[in-house]
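Coordinates as given in protein-v4.cif (mmCIF, C-alpha atoms):
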```
data_data
loop_
_atom_site.label_atom_id
_atom_site.label_comp_id
_atom_site.auth_asym_id
_atom_site.auth_seq_id
_atom_site.Cartn_x
_atom_site.Cartn_y
_atom_site.Cartn_z
CA MET L 1 134.74 31.67 59.36
CA SER L 2 137.37 32.35 61.98
CA PRO L 3 136.98 35.33 64.28
CA SER L 4 139.82 37.16 62.54
CA ASP L 5 137.99 36.96 59.19
CA ARG L 6 135.14 39.13 60.37
CA ARG L 7 137.14 41.40 62.70
CA ARG L 8 136.54 45.05 62.00
CA THR L 9 139.27 47.65 61.80
CA TYR L 10 139.49 50.78 63.96
CA ALA L 11 137.88 52.94 61.28
CA GLU L 12 134.97 50.54 60.98
CA LEU L 13 134.11 50.82 64.67
CA THR L 14 131.55 53.56 64.35
CA GLU L 15 130.12 53.44 67.85
CA GLY L 16 132.58 56.10 68.93
CA THR L 17 133.82 56.58 72.42
CA ALA L 18 132.24 58.35 75.35
CA ALA L 19 134.68 61.23 75.15
CA ASP L 20 134.60 63.09 71.85
CA ILE L 21 138.34 63.56 71.39
CA ALA L 22 138.04 64.63 67.76
CA GLY L 23 135.41 67.16 68.81
CA GLN L 24 137.67 68.52 71.54
CA LEU L 25 140.54 68.93 69.10
CA ALA L 26 138.28 70.65 66.57
CA GLU L 27 137.01 72.99 69.25
CA ARG L 28 140.60 73.89 70.15
CA ARG L 29 141.33 74.85 66.56
CA GLN L 30 138.14 76.88 66.29
CA ARG L 31 138.96 78.63 69.55
CA LEU L 32 142.36 79.57 68.18
CA GLU L 33 140.87 80.85 64.94
CA ARG L 34 138.30 82.92 66.83
CA ARG L 35 140.98 84.39 69.05
CA LEU L 36 143.24 85.42 66.19
CA ALA L 37 140.46 86.74 63.99
CA GLY L 38 141.36 90.27 65.07
CA VAL L 39 145.08 89.88 64.33
CA ARG L 40 146.08 91.35 60.97
CA HIS L 41 149.66 90.14 60.70
CA THR L 42 151.69 87.40 62.37
CA LEU L 43 155.47 87.36 62.40
CA ALA L 44 157.81 84.71 63.81
CA VAL L 45 161.22 85.96 64.90
CA LEU L 46 163.71 83.10 64.89
CA SER L 47 167.33 82.28 64.56
CA GLY L 48 167.93 78.67 65.36
CA LYS L 49 171.16 79.75 67.06
CA GLY L 50 171.12 80.90 70.67
CA GLY L 51 172.82 84.03 71.91
CA VAL L 52 172.41 86.18 68.81
CA GLY L 53 170.15 88.75 70.49
CA LYS L 54 166.95 87.58 68.88
CA SER L 55 164.68 88.47 71.79
CA LEU L 56 166.26 91.90 72.21
CA ILE L 57 165.68 92.61 68.52
CA ALA L 58 162.09 91.29 68.72
CA ALA L 59 161.31 93.44 71.77
CA ASN L 60 162.72 96.57 70.16
CA LEU L 61 160.95 95.84 66.88
CA ALA L 62 157.65 95.42 68.74
CA ALA L 63 158.17 98.65 70.68
CA CYS L 64 159.14 100.52 67.52
CA LEU L 65 156.08 99.36 65.57
CA ALA L 66 153.86 100.25 68.53
CA ASP L 67 155.51 103.63 68.92
CA GLN L 68 154.69 104.28 65.28
CA GLY L 69 151.01 103.72 65.97
CA ALA L 70 150.47 100.00 65.43
CA SER L 71 148.80 97.79 68.01
CA VAL L 72 151.31 95.05 68.77
CA GLY L 73 151.35 91.86 70.78
CA VAL L 74 154.34 89.69 71.61
CA LEU L 75 154.03 86.01 72.33
CA ASP L 76 157.11 84.72 74.09
CA ALA L 77 157.32 81.26 72.58
CA ASP L 78 160.55 80.55 74.45
CA LEU L 79 158.76 78.65 77.20
CA ASN L 80 161.89 77.53 79.02
CA GLY L 81 163.89 80.73 78.67
CA PRO L 82 161.27 83.48 78.70
CA SER L 83 162.66 87.01 78.51
CA MET L 84 159.97 89.21 76.98
CA PRO L 85 158.40 90.41 80.26
CA ARG L 86 161.79 91.65 81.37
CA LEU L 87 162.69 93.23 78.02
CA LEU L 88 159.35 95.03 77.79
CA GLY L 89 159.15 96.04 81.44
CA VAL L 90 156.31 93.86 82.71
CA GLU L 91 158.25 91.41 84.83
CA ARG L 92 156.20 90.08 87.79
CA SER L 93 152.97 91.50 86.39
CA SER L 94 149.80 89.86 87.66
CA LEU L 95 147.54 88.12 85.21
CA ARG L 96 143.79 88.55 85.27
CA VAL L 97 140.84 86.92 83.58
CA GLU L 98 139.31 88.90 80.74
CA GLY L 99 136.18 87.41 79.20
CA ASP L 100 136.99 83.89 78.09
CA GLY L 101 140.73 84.47 78.15
CA ILE L 102 143.59 85.86 80.19
CA ALA L 103 144.56 89.48 79.64
CA PRO L 104 148.14 89.93 78.45
CA ALA L 105 150.48 92.22 80.38
CA VAL L 106 150.91 95.64 78.80
CA GLY L 107 154.48 96.80 78.49
CA ALA L 108 156.55 99.53 76.88
CA ALA L 109 154.72 101.46 74.13
CA ALA L 110 151.56 99.53 75.10
CA VAL L 111 152.89 96.29 73.62
CA LYS L 112 150.82 93.35 74.87
CA VAL L 113 152.90 90.50 76.25
CA MET L 114 152.17 86.89 77.10
CA SER L 115 154.98 84.76 78.42
CA MET L 116 155.53 81.70 80.53
CA ASP L 117 157.48 83.96 82.88
CA LEU L 118 154.21 85.63 83.89
CA TRP L 119 152.97 82.24 85.10
CA LEU L 120 155.97 81.40 87.25
CA GLU L 121 156.06 81.82 90.98
CA GLY L 122 159.20 83.92 91.29
CA PRO L 123 162.03 85.43 89.24
CA ASP L 124 164.23 82.39 89.85
CA SER L 125 161.51 79.78 89.21
CA PRO L 126 162.20 77.46 86.32
CA VAL L 127 159.42 75.87 84.30
CA ARG L 128 158.63 72.64 86.14
CA TRP L 129 155.70 70.45 85.23
CA ARG L 130 153.84 68.39 87.80
CA GLY L 131 154.60 64.71 87.97
CA THR L 132 157.61 62.52 88.13
CA GLU L 133 160.66 63.33 86.04
CA SER L 134 160.87 59.68 85.13
CA GLY L 135 160.10 59.40 81.44
CA SER L 136 159.53 63.13 81.14
CA PHE L 137 161.22 63.12 77.74
CA LEU L 138 158.12 61.32 76.52
CA TRP L 139 155.51 63.82 77.62
CA ARG L 140 157.31 67.14 78.07
CA GLY L 141 157.07 68.04 74.38
CA THR L 142 153.33 67.40 74.35
CA LEU L 143 152.77 69.60 77.38
CA GLU L 144 154.86 72.37 75.85
CA ALA L 145 152.94 72.16 72.59
CA ASN L 146 149.71 72.49 74.54
CA ALA L 147 151.08 75.47 76.45
CA LEU L 148 152.05 77.20 73.22
CA ARG L 149 148.57 76.59 71.83
CA GLU L 150 147.04 78.11 74.94
CA PHE L 151 149.34 81.14 74.72
CA LEU L 152 147.89 81.77 71.28
CA SER L 153 144.28 80.84 71.80
CA ASP L 154 143.62 81.75 75.43
CA THR L 155 145.28 85.15 75.60
CA ALA L 156 142.80 87.99 75.18
CA TRP L 157 144.84 89.66 72.46
CA GLY L 158 142.01 91.79 71.13
CA ASP L 159 142.60 93.53 67.80
CA LEU L 160 146.25 93.66 66.79
CA ASP L 161 148.10 94.93 63.76
CA TYR L 162 151.04 92.67 64.55
CA LEU L 163 151.43 89.59 66.67
CA ILE L 164 155.16 88.85 67.00
CA LEU L 165 156.21 85.39 68.13
CA ASP L 166 159.65 85.21 69.69
CA LEU L 167 160.85 81.66 69.09
CA PRO L 168 163.40 79.80 71.19
CA PRO L 169 166.72 78.60 69.74
CA GLY L 170 166.47 75.43 67.70
CA THR L 171 166.12 75.06 63.97
CA ASP L 172 162.96 72.97 64.31
CA ARG L 173 161.01 75.35 66.55
CA ILE L 174 159.13 76.93 63.68
CA ALA L 175 157.38 73.61 62.85
CA PRO L 176 154.99 73.48 65.84
CA VAL L 177 154.20 77.16 65.36
CA HIS L 178 153.35 76.51 61.72
CA ASP L 179 151.22 73.57 62.78
CA LEU L 180 149.19 75.85 65.05
CA LEU L 181 149.23 78.78 62.64
CA PRO L 182 149.16 77.43 59.08
CA GLY L 183 148.60 80.98 57.87
CA LEU L 184 151.66 82.38 59.63
CA GLY L 185 152.34 85.62 57.80
CA GLY L 186 156.11 85.72 57.83
CA ALA L 187 159.40 84.76 59.41
CA LEU L 188 162.25 87.09 60.33
CA ALA L 189 165.67 85.59 61.02
CA VAL L 190 168.23 87.10 63.35
CA THR L 191 171.89 86.29 62.96
CA ILE L 192 175.30 87.67 63.84
CA PRO L 193 178.21 88.07 61.41
CA SER L 194 179.91 84.78 62.16
CA GLU L 195 180.14 81.69 60.03
CA LEU L 196 178.87 79.54 62.88
CA SER L 197 175.73 81.61 63.22
CA ARG L 198 175.23 81.61 59.47
CA PHE L 199 175.67 77.83 59.47
CA VAL L 200 172.84 77.34 61.99
CA VAL L 201 170.49 80.10 60.85
CA SER L 202 170.61 78.79 57.28
CA LYS L 203 169.12 75.53 58.56
CA SER L 204 166.25 77.48 60.12
CA LEU L 205 165.65 79.33 56.87
CA THR L 206 165.61 76.04 54.98
CA MET L 207 162.95 74.76 57.36
CA VAL L 208 160.94 77.97 56.93
CA LYS L 209 161.10 77.62 53.14
CA GLU L 210 160.07 73.97 53.25
CA LEU L 211 157.03 74.86 55.34
CA GLY L 212 156.06 77.50 52.81
CA ILE L 213 156.26 80.38 55.27
CA PRO L 214 157.03 83.73 53.62
CA ILE L 215 160.49 85.00 54.62
CA VAL L 216 160.47 88.67 55.47
CA GLY L 217 164.25 88.86 55.61
CA TYR L 218 167.06 88.74 58.12
CA VAL L 219 168.66 91.06 60.62
CA GLU L 220 172.37 91.11 61.19
CA ASN L 221 172.78 91.81 64.89
CA MET L 222 176.12 92.75 66.47
CA SER L 223 177.10 94.10 63.10
CA GLY L 224 180.18 95.91 64.33
CA TYR L 225 180.99 97.41 67.69
CA LEU L 226 179.87 100.90 68.59
CA CYS L 227 182.67 102.60 70.52
CA PRO L 228 181.08 104.42 73.48
CA ASP L 229 183.90 106.99 73.48
CA CYS L 230 184.25 108.06 69.87
CA GLY L 231 180.96 106.74 68.45
CA ARG L 232 182.67 104.96 65.58
CA ILE L 233 181.59 101.51 64.54
CA GLY L 234 184.41 99.00 64.17
CA PRO L 235 184.41 95.29 63.32
CA LEU L 236 183.35 92.96 66.13
CA PHE L 237 184.03 89.70 64.33
CA SER L 238 187.16 88.88 62.40
CA THR L 239 185.31 87.64 59.36
CA GLU L 240 182.26 88.71 57.43
CA ALA L 241 179.62 86.06 56.98
CA ALA L 242 178.23 85.55 53.52
CA PRO L 243 174.65 86.72 52.97
CA PHE L 244 171.76 84.27 52.75
CA GLU L 245 170.98 83.78 49.10
CA GLY L 246 167.63 85.23 48.11
CA VAL L 247 166.91 86.55 51.60
CA PRO L 248 167.10 90.32 52.02
CA ARG L 249 169.13 91.83 54.82
CA LEU L 250 166.72 94.28 56.38
CA ALA L 251 168.94 95.87 58.99
CA ALA L 252 172.41 95.77 60.52
CA VAL L 253 172.30 96.50 64.24
CA PRO L 254 175.66 97.42 65.80
CA PHE L 255 176.65 96.03 69.17
CA ASP L 256 176.03 98.79 71.66
CA PRO L 257 176.36 97.92 75.35
CA ARG L 258 173.68 100.45 76.27
CA PHE L 259 171.23 98.91 73.82
CA GLY L 260 171.45 95.66 75.75
CA ALA L 261 171.58 97.28 79.19
CA GLU L 262 168.42 99.28 78.54
CA GLY L 263 166.72 96.09 77.39
CA ASP L 264 167.75 94.35 80.59
CA ALA L 265 166.10 97.20 82.49
CA GLY L 266 162.83 96.80 80.60
CA ARG L 267 163.27 99.94 78.52
CA PRO L 268 163.54 99.23 74.80
CA ASP L 269 166.35 101.49 73.67
CA VAL L 270 164.63 102.23 70.39
CA LEU L 271 162.25 104.40 72.40
CA GLY L 272 164.73 105.91 74.86
CA ARG L 273 167.54 106.85 72.48
CA PRO L 274 165.91 107.07 69.06
CA ASP L 275 168.98 108.64 67.48
CA ALA L 276 171.42 105.94 68.54
CA PRO L 277 172.73 103.84 65.63
CA ALA L 278 171.08 100.66 66.96
CA ALA L 279 167.73 102.42 67.27
CA ARG L 280 168.03 103.76 63.73
CA ALA L 281 168.72 100.23 62.52
CA VAL L 282 165.63 98.94 64.32
CA ARG L 283 163.57 101.65 62.66
CA ASP L 284 164.93 100.49 59.30
CA LEU L 285 163.80 97.03 60.27
CA ALA L 286 160.33 98.20 61.31
CA ARG L 287 159.95 100.06 58.03
CA ALA L 288 160.89 96.96 56.07
CA VAL L 289 158.49 94.79 58.06
CA ARG L 290 155.61 97.22 57.52
CA GLN L 291 156.43 97.37 53.84
CA PHE L 292 156.49 93.59 53.60
CA TYR L 293 153.03 93.21 55.10
CA GLU L 294 151.42 96.24 53.52
CA ASN L 295 152.86 95.92 50.05
CA GLY L 296 153.69 92.24 49.99
CA SER L 297 157.38 92.88 49.32
CA MET X 298 141.97 53.62 71.40
CA LYS X 299 139.04 51.22 71.17
CA PHE X 300 138.59 47.64 72.31
CA LEU X 301 136.90 45.01 70.17
CA CYS X 302 135.40 41.75 71.40
CA VAL X 303 136.74 39.44 68.75
CA ASP X 304 134.11 36.74 69.25
CA CYS X 305 131.19 39.15 68.97
CA ASP X 306 132.81 41.73 66.68
CA ALA X 307 131.43 44.32 69.07
CA GLN X 308 133.08 47.41 70.45
CA MET X 309 133.62 47.07 74.17
CA LYS X 310 132.44 49.77 76.56
CA SER X 311 134.36 51.14 79.52
CA VAL X 312 132.56 50.28 82.70
CA GLU X 313 134.99 51.05 85.50
CA SER X 314 138.22 52.88 86.10
CA ALA X 315 140.49 52.90 89.08
CA ALA X 316 143.76 54.44 90.11
CA PRO X 317 145.44 53.10 93.22
CA GLY X 318 147.37 56.34 93.69
CA ASP X 319 150.77 55.09 92.54
CA GLY X 320 150.46 56.57 89.07
CA THR X 321 149.11 53.38 87.54
CA MET X 322 145.62 53.03 86.18
CA ALA X 323 143.13 50.27 85.42
CA ILE X 324 140.17 50.60 83.10
CA THR X 325 137.71 47.76 82.70
CA PHE X 326 135.90 47.23 79.41
CA ARG X 327 132.88 45.02 78.87
CA CYS X 328 131.44 43.53 75.70
CA PRO X 329 127.81 44.68 75.36
CA ASN X 330 126.88 41.34 73.75
CA CYS X 331 128.59 38.60 75.75
CA ASP X 332 129.54 40.55 78.90
CA ARG X 333 133.16 39.44 78.64
CA GLN X 334 135.40 41.86 80.48
CA VAL X 335 139.01 42.88 80.02
CA ALA X 336 141.09 45.33 81.99
CA MET X 337 143.61 47.72 80.51
CA LEU X 338 146.46 48.45 82.92
CA THR X 339 148.89 51.30 82.43
CA ASN X 340 152.16 52.03 84.14
CA PRO X 341 152.91 55.54 85.53
CA MET X 342 154.73 56.60 82.38
CA GLU X 343 151.86 55.58 80.13
CA THR X 344 149.36 57.28 82.43
CA ARG X 345 151.41 60.48 82.34
CA MET X 346 151.65 60.38 78.56
CA VAL X 347 147.88 60.29 78.19
CA ASP X 348 147.53 63.02 80.80
CA SER X 349 149.95 65.26 78.87
CA LEU X 350 147.63 65.27 75.87
CA CYS X 351 145.33 67.51 77.91
CA VAL X 352 142.20 65.95 76.46
CA ASP X 353 139.27 65.07 78.66
CA LEU X 354 138.38 61.40 78.36
CA SER X 355 135.49 61.50 80.78
CA ASP X 356 131.91 60.95 79.61
CA SER X 357 130.91 64.58 80.11
CA ALA X 358 133.88 66.71 79.17
CA ALA X 359 133.58 70.18 80.67
CA GLU X 360 134.40 73.21 78.52
CA ALA X 361 138.11 73.95 78.75
CA GLN X 362 139.05 76.96 80.85
CA PRO X 363 141.66 79.41 79.52
CA PHE X 364 145.20 78.15 80.01
CA GLU X 365 143.82 74.98 81.52
CA SER X 366 146.83 72.81 80.76
CA VAL X 367 149.30 75.43 82.00
CA ARG X 368 147.27 75.98 85.15
CA SER X 369 146.84 72.33 85.91
CA HIS X 370 150.28 71.04 84.95
CA LEU X 371 152.70 73.81 85.89
CA GLU X 372 154.20 73.15 89.30
CA THR X 373 155.64 76.49 90.37
CA ARG X 374 153.20 79.06 89.22
CA HIS X 375 152.12 82.58 89.93
CA PRO X 376 148.88 83.09 91.88
CA ASP X 377 145.98 82.01 89.70
CA PRO X 378 144.31 84.86 87.76
CA SER X 379 140.90 83.48 88.77
CA GLY X 380 141.68 84.26 92.40
CA PRO X 381 143.13 82.18 95.20
CA ASP X 382 142.48 78.48 94.89
CA PRO X 383 140.85 76.65 97.78
CA VAL X 384 143.48 74.67 99.63
CA TRP X 385 143.28 70.87 99.51
CA SER X 386 143.69 68.98 102.76
CA ASP X 387 146.17 66.13 102.66
CA GLU X 388 143.39 63.55 102.90
CA ALA X 389 141.39 65.21 100.12
CA GLU X 390 144.45 65.40 97.88
CA LYS X 391 145.10 61.73 98.56
CA ARG X 392 141.56 60.78 97.62
CA LEU X 393 141.79 62.87 94.46
CA GLY X 394 144.99 61.00 93.64
CA ARG X 395 142.94 57.84 93.27
CA VAL X 396 141.00 59.34 90.37
CA PRO X 397 142.44 58.23 87.01
CA GLY X 398 144.93 60.76 85.75
CA PHE X 399 143.16 61.50 82.50
CA VAL X 400 139.99 62.72 84.23
CA ARG X 401 141.62 64.01 87.40
CA GLY X 402 141.95 67.53 86.03
CA THR X 403 138.24 67.71 85.28
CA VAL X 404 137.32 66.27 88.65
CA ARG X 405 139.67 68.66 90.45
CA LYS X 406 138.09 71.55 88.59
CA LEU X 407 134.58 70.44 89.51
CA TYR X 408 135.50 70.36 93.20
CA MET X 409 137.30 73.70 93.00
CA GLU X 410 134.40 75.42 91.29
CA TRP X 411 131.94 73.91 93.75
CA ALA X 412 134.06 75.13 96.67
CA ARG X 413 134.62 78.57 95.17
CA GLU X 414 130.91 79.07 94.58
CA ARG X 415 130.36 78.46 98.28
CA GLY X 416 133.26 80.63 99.39
CA LEU X 417 135.12 77.68 100.88
CA SER X 418 138.84 78.14 101.37
CA GLU X 419 139.63 74.47 101.99
CA ILE X 420 138.58 71.25 100.33
CA THR X 421 138.34 68.48 102.91
CA LEU X 422 136.93 64.96 102.75
CA THR X 423 133.64 66.32 104.09
CA VAL X 424 133.53 68.97 101.37
CA MET X 425 134.27 66.30 98.80
CA ASP X 426 131.48 64.10 100.13
CA GLU X 427 128.97 66.95 99.93
CA ALA X 428 130.11 67.94 96.45
CA ARG X 429 130.00 64.32 95.25
CA ALA X 430 126.44 63.95 96.39
CA GLN X 431 125.36 67.14 94.66
CA LEU X 432 127.44 66.79 91.50
CA GLY X 433 126.80 63.12 91.01
CA ILE X 434 130.45 62.14 90.72
CA GLU X 435 130.38 59.08 92.91
CA GLU X 436 133.61 57.10 93.20
CA MET X 437 135.63 60.19 92.41
#
```
This entry written out as structure tokens:
Amino acid sequence: MSPSDRRRTYAELTEGTAADIAGQLAERRQRLERRLAGVRHTLAVLSGKGGVGKSLIAANLAACLADQGASVGVLDADLNGPSMPRLLGVERSSLRVEGDGIAPAVGAAAVKVMSMDLWLEGPDSPVRWRGTESGSFLWRGTLEANALREFLSDTAWGDLDYLILDLPPGTDRIAPVHDLLPGLGGALAVTIPSELSRFVVSKSLTMVKELGIPIVGYVENMSGYLCPDCGRIGPLFSTEAAPFEGVPRLAAVPFDPRFGAEGDAGRPDVLGRPDAPAARAVRDLARAVRQFYENGS
Amino acid sequence: MKFLCVDCDAQMKSVESAAPGDGTMAITFRCPNCDRQVAMLTNPMETRMVDSLCVDLSDSAAEAQPFESVRSHLETRHPDPSGPDPVWSDEAEKRLGRVPGFVRGTVRKLYMEWARERGLSEITLTVMDEARAQLGIEEM
């Protein structure tokens, strides 16, 4: 018998290795499950397309839900372009250890926030991983996936009614989130009334459907321009984008320069000017989200 | 990854690891039956790939600390929530650089915790020697 005839395969080598890798991975998953045991609902806010105001909508939605009495956390999953600390007024907050995790920053309306921005040295610091840039395309994705896992499992979220995940642009970004959170409760898409945005966001929605994630609906942001002088809402885009088939439009948020400016200043406008058209639209959105999770529709 | 001694049909055991400090790594495996040895050599890119998995390949993996991979891999970060880290002297950092990348994080943590417990603000070669003797992490 030649050596190759009796050679065992990997699976047949039962001696194991000194380091229990499978055990470490299982412990990670259990840690994540333990951490999120007190979270009632999870919601991913996504678009696929950049520049549609997704984070601004997510921050205002979080603040609105919290203002209405819910306990809300926001996980800024945009690791390389984090904006949630700024939008929710906790920029440059210090992190502290809390039990076996790190306490999130607490922003407007007591929304809990965890973001890569809170880990960076200064306001102009980009995310830079240790080690040579040579070949970084090979390992950067793995490090980012691990960071996202730690944001979920190592943040001391406590009990939450809603954990909102603000995803970065990219139609595939929902996949790693789904991998970490197979029971992800819903996805909310943000778009603007342009064919280009519709073109990209529809790809994200296809991905969401294929993963079996419930679709809460979509928000049409920049849905008309709010004139600061006369208060009338006029068209901002020359064409109207077709709706997404089978996906409900939950709100139409007009473009209001103050809505964005207040966000930039860390004051969600939905709290500061509750009667403004954009704030009313966000409240419509919050109502629809609550209804989706409470009534399943 | 496992190594099989084809002649003996026995799984080889790792017996030695070394990192010369240039990002490469060498791990020696020995057959428990015939004592044949082979060395696995990795280039810096391969070493970094394994390191990015953030799994602990050492014999006695310590329990992961919160945000361990962010804390250990992020270059420009905010002051650590656990308090100020002891500073590493150049010589100590250089010696740590010789530890294989995939266990370096654990070893770094062991030294840091040992220094913190003693209120030390700097990790020098002398501190490392004392910690090694007490922690039983010779050759690291």
Chain L residues within 7 Å of chain X, counting all atoms listed in the file: which ones, as a PyMOL selection string?
chain L and resi 3+7-8+13+18-19+21+95-97+100-102+119-121+125+128-130+135+138-139+142-143+146-147+150+154
Any idea what's packed within 12 Å of Gly296 in chain L, counting all atoms listed in the file, ignoring anything in its chain fewer than 5 positions away? Could you give it as a PyMOL selection string?
chain L and resi 41+185-186+214-216+288-291
What does the distance from CA of Ala261 in chain L to CA of Val200 in chain L come to in Å, to one decimal?
26.4 Å
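Taking CA of Ser47 in chain L as the reference point, CA of Phe244 in chain L is found at 12.8 Å.
Residues captured in this structure file are His178, Pro182, Gly183, Leu184, Gly186, Thr206, Met207, Val208, Lys209, Glu210, Leu211, Ile213, Pro214 and Ile215 of chain L, according to the PyMOL selection byres ((chain L and resi 212) around 10).
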CA of Met222 in chain L to CA of Val52 in chain L measures 7.9 Å
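The list of residues with at least one atom within 9 Å of Ala336 in chain X, based on only C-alpha atoms and without residues fewer than 3 positions apart in the same chain, reads Ala323, Ile324, Thr325, Phe326 and Arg327 of chain X.
The smallest atom-to-atom distance between Glu262 in chain L and any of L:Gly38, L:Pro126, L:Gly50, L:Gly89, using all atoms listed in the file, is found for L:Gly89.
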Assuming the chain letters and numbering stay as they are in my file, what does the PyMOL selection byres ((chain X and resi 405) around 12) actually select? List them as a PyMOL selection string.
chain X and resi 359+365+368-369+382-385+389-404+406-412+420+425+428-429+434+437
May I have the selected residues written with C-alpha atoms, as a CSV table (one decimal), keeping the file's coordinate frame?
```csv
chain,number,residue,atom,x,y,z
X,359,ALA,CA,133.6,70.2,80.7
X,365,GLU,CA,143.8,75.0,81.5
X,368,ARG,CA,147.3,76.0,85.2
X,369,SER,CA,146.8,72.3,85.9
X,382,ASP,CA,142.5,78.5,94.9
X,383,PRO,CA,140.8,76.6,97.8
X,384,VAL,CA,143.5,74.7,99.6
X,385,TRP,CA,143.3,70.9,99.5
X,389,ALA,CA,141.4,65.2,100.1
X,390,GLU,CA,144.4,65.4,97.9
X,391,LYS,CA,145.1,61.7,98.6
X,392,ARG,CA,141.6,60.8,97.6
X,393,LEU,CA,141.8,62.9,94.5
X,394,GLY,CA,145.0,61.0,93.6
X,395,ARG,CA,142.9,57.8,93.3
X,396,VAL,CA,141.0,59.3,90.4
X,397,PRO,CA,142.4,58.2,87.0
X,398,GLY,CA,144.9,60.8,85.8
X,399,PHE,CA,143.2,61.5,82.5
X,400,VAL,CA,140.0,62.7,84.2
X,401,ARG,CA,141.6,64.0,87.4
X,402,GLY,CA,142.0,67.5,86.0
X,403,THR,CA,138.2,67.7,85.3
X,404,VAL,CA,137.3,66.3,88.6
X,406,LYS,CA,138.1,71.6,88.6
X,407,LEU,CA,134.6,70.4,89.5
X,408,TYR,CA,135.5,70.4,93.2
X,409,MET,CA,137.3,73.7,93.0
X,410,GLU,CA,134.4,75.4,91.3
X,411,TRP,CA,131.9,73.9,93.8
X,412,ALA,CA,134.1,75.1,96.7
X,420,ILE,CA,138.6,71.2,100.3
X,425,MET,CA,134.3,66.3,98.8
X,428,ALA,CA,130.1,67.9,96.4
X,429,ARG,CA,130.0,64.3,95.2
X,434,ILE,CA,130.4,62.1,90.7
X,437,MET,CA,135.6,60.2,92.4
```
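Evaluated against this file, the PyMOL selection byres ((chain L and resi 59) around 10) yields L:Lys54, L:Ser55, L:Leu56, L:Ile57, L:Ala58, L:Asn60, L:Leu61, L:Ala62, L:Ala63, L:Cys64, L:Val74, L:Asp76, L:Ser83, L:Met84, L:Pro85, L:Arg86, L:Leu87, L:Leu88, L:Ala108, L:Val111, L:Val113, L:Ile164, L:Asp166, L:Gly263, L:Gly266, L:Arg267, L:Pro268, L:Asp269, L:Val270.
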Considering only C-alpha atoms, return as a ChimeraX atom specification whatever protein or nucleic-acid residues lie within 10 Å of Gly51 in chain L, sequence-local ones (same chain, fewer than 6 positions apart) excluded.
/L:169,191-192,197
Using the structure just given, write a file holding N, CA and C atoms for range 22-33 of chain L, as a compact mmCIF listing (two decimals), in the first residue's frame.
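The new file selection_8.txt reads:
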```txt
# COMPACT_ATOMS: atom_id res chain seq x y z
N ALA L 22 -12.65 26.65 16.44
CA ALA L 22 -14.11 26.49 16.35
C ALA L 22 -14.78 26.95 17.64
N GLY L 23 -14.13 26.63 18.76
CA GLY L 23 -14.67 27.05 20.05
C GLY L 23 -14.66 28.56 20.19
N GLN L 24 -13.61 29.20 19.70
CA GLN L 24 -13.54 30.67 19.77
C GLN L 24 -14.64 31.30 18.92
N LEU L 25 -14.88 30.73 17.75
CA LEU L 25 -15.91 31.29 16.88
C LEU L 25 -17.30 31.08 17.49
N ALA L 26 -17.50 29.91 18.11
CA ALA L 26 -18.79 29.65 18.76
C ALA L 26 -19.01 30.61 19.92
N GLU L 27 -17.94 30.86 20.66
CA GLU L 27 -18.05 31.78 21.80
C GLU L 27 -18.39 33.19 21.32
N ARG L 28 -17.84 33.59 20.18
CA ARG L 28 -18.17 34.90 19.62
C ARG L 28 -19.67 35.01 19.34
N ARG L 29 -20.20 33.95 18.72
CA ARG L 29 -21.62 33.98 18.37
C ARG L 29 -22.48 34.01 19.63
N GLN L 30 -22.08 33.21 20.62
CA GLN L 30 -22.85 33.21 21.87
C GLN L 30 -22.79 34.57 22.55
N ARG L 31 -21.62 35.19 22.50
CA ARG L 31 -21.45 36.50 23.11
C ARG L 31 -22.39 37.52 22.44
N LEU L 32 -22.47 37.42 21.13
CA LEU L 32 -23.35 38.33 20.39
C LEU L 32 -24.82 38.08 20.77
N GLU L 33 -25.18 36.82 20.85
CA GLU L 33 -26.57 36.50 21.20
C GLU L 33 -26.90 36.98 22.61
```
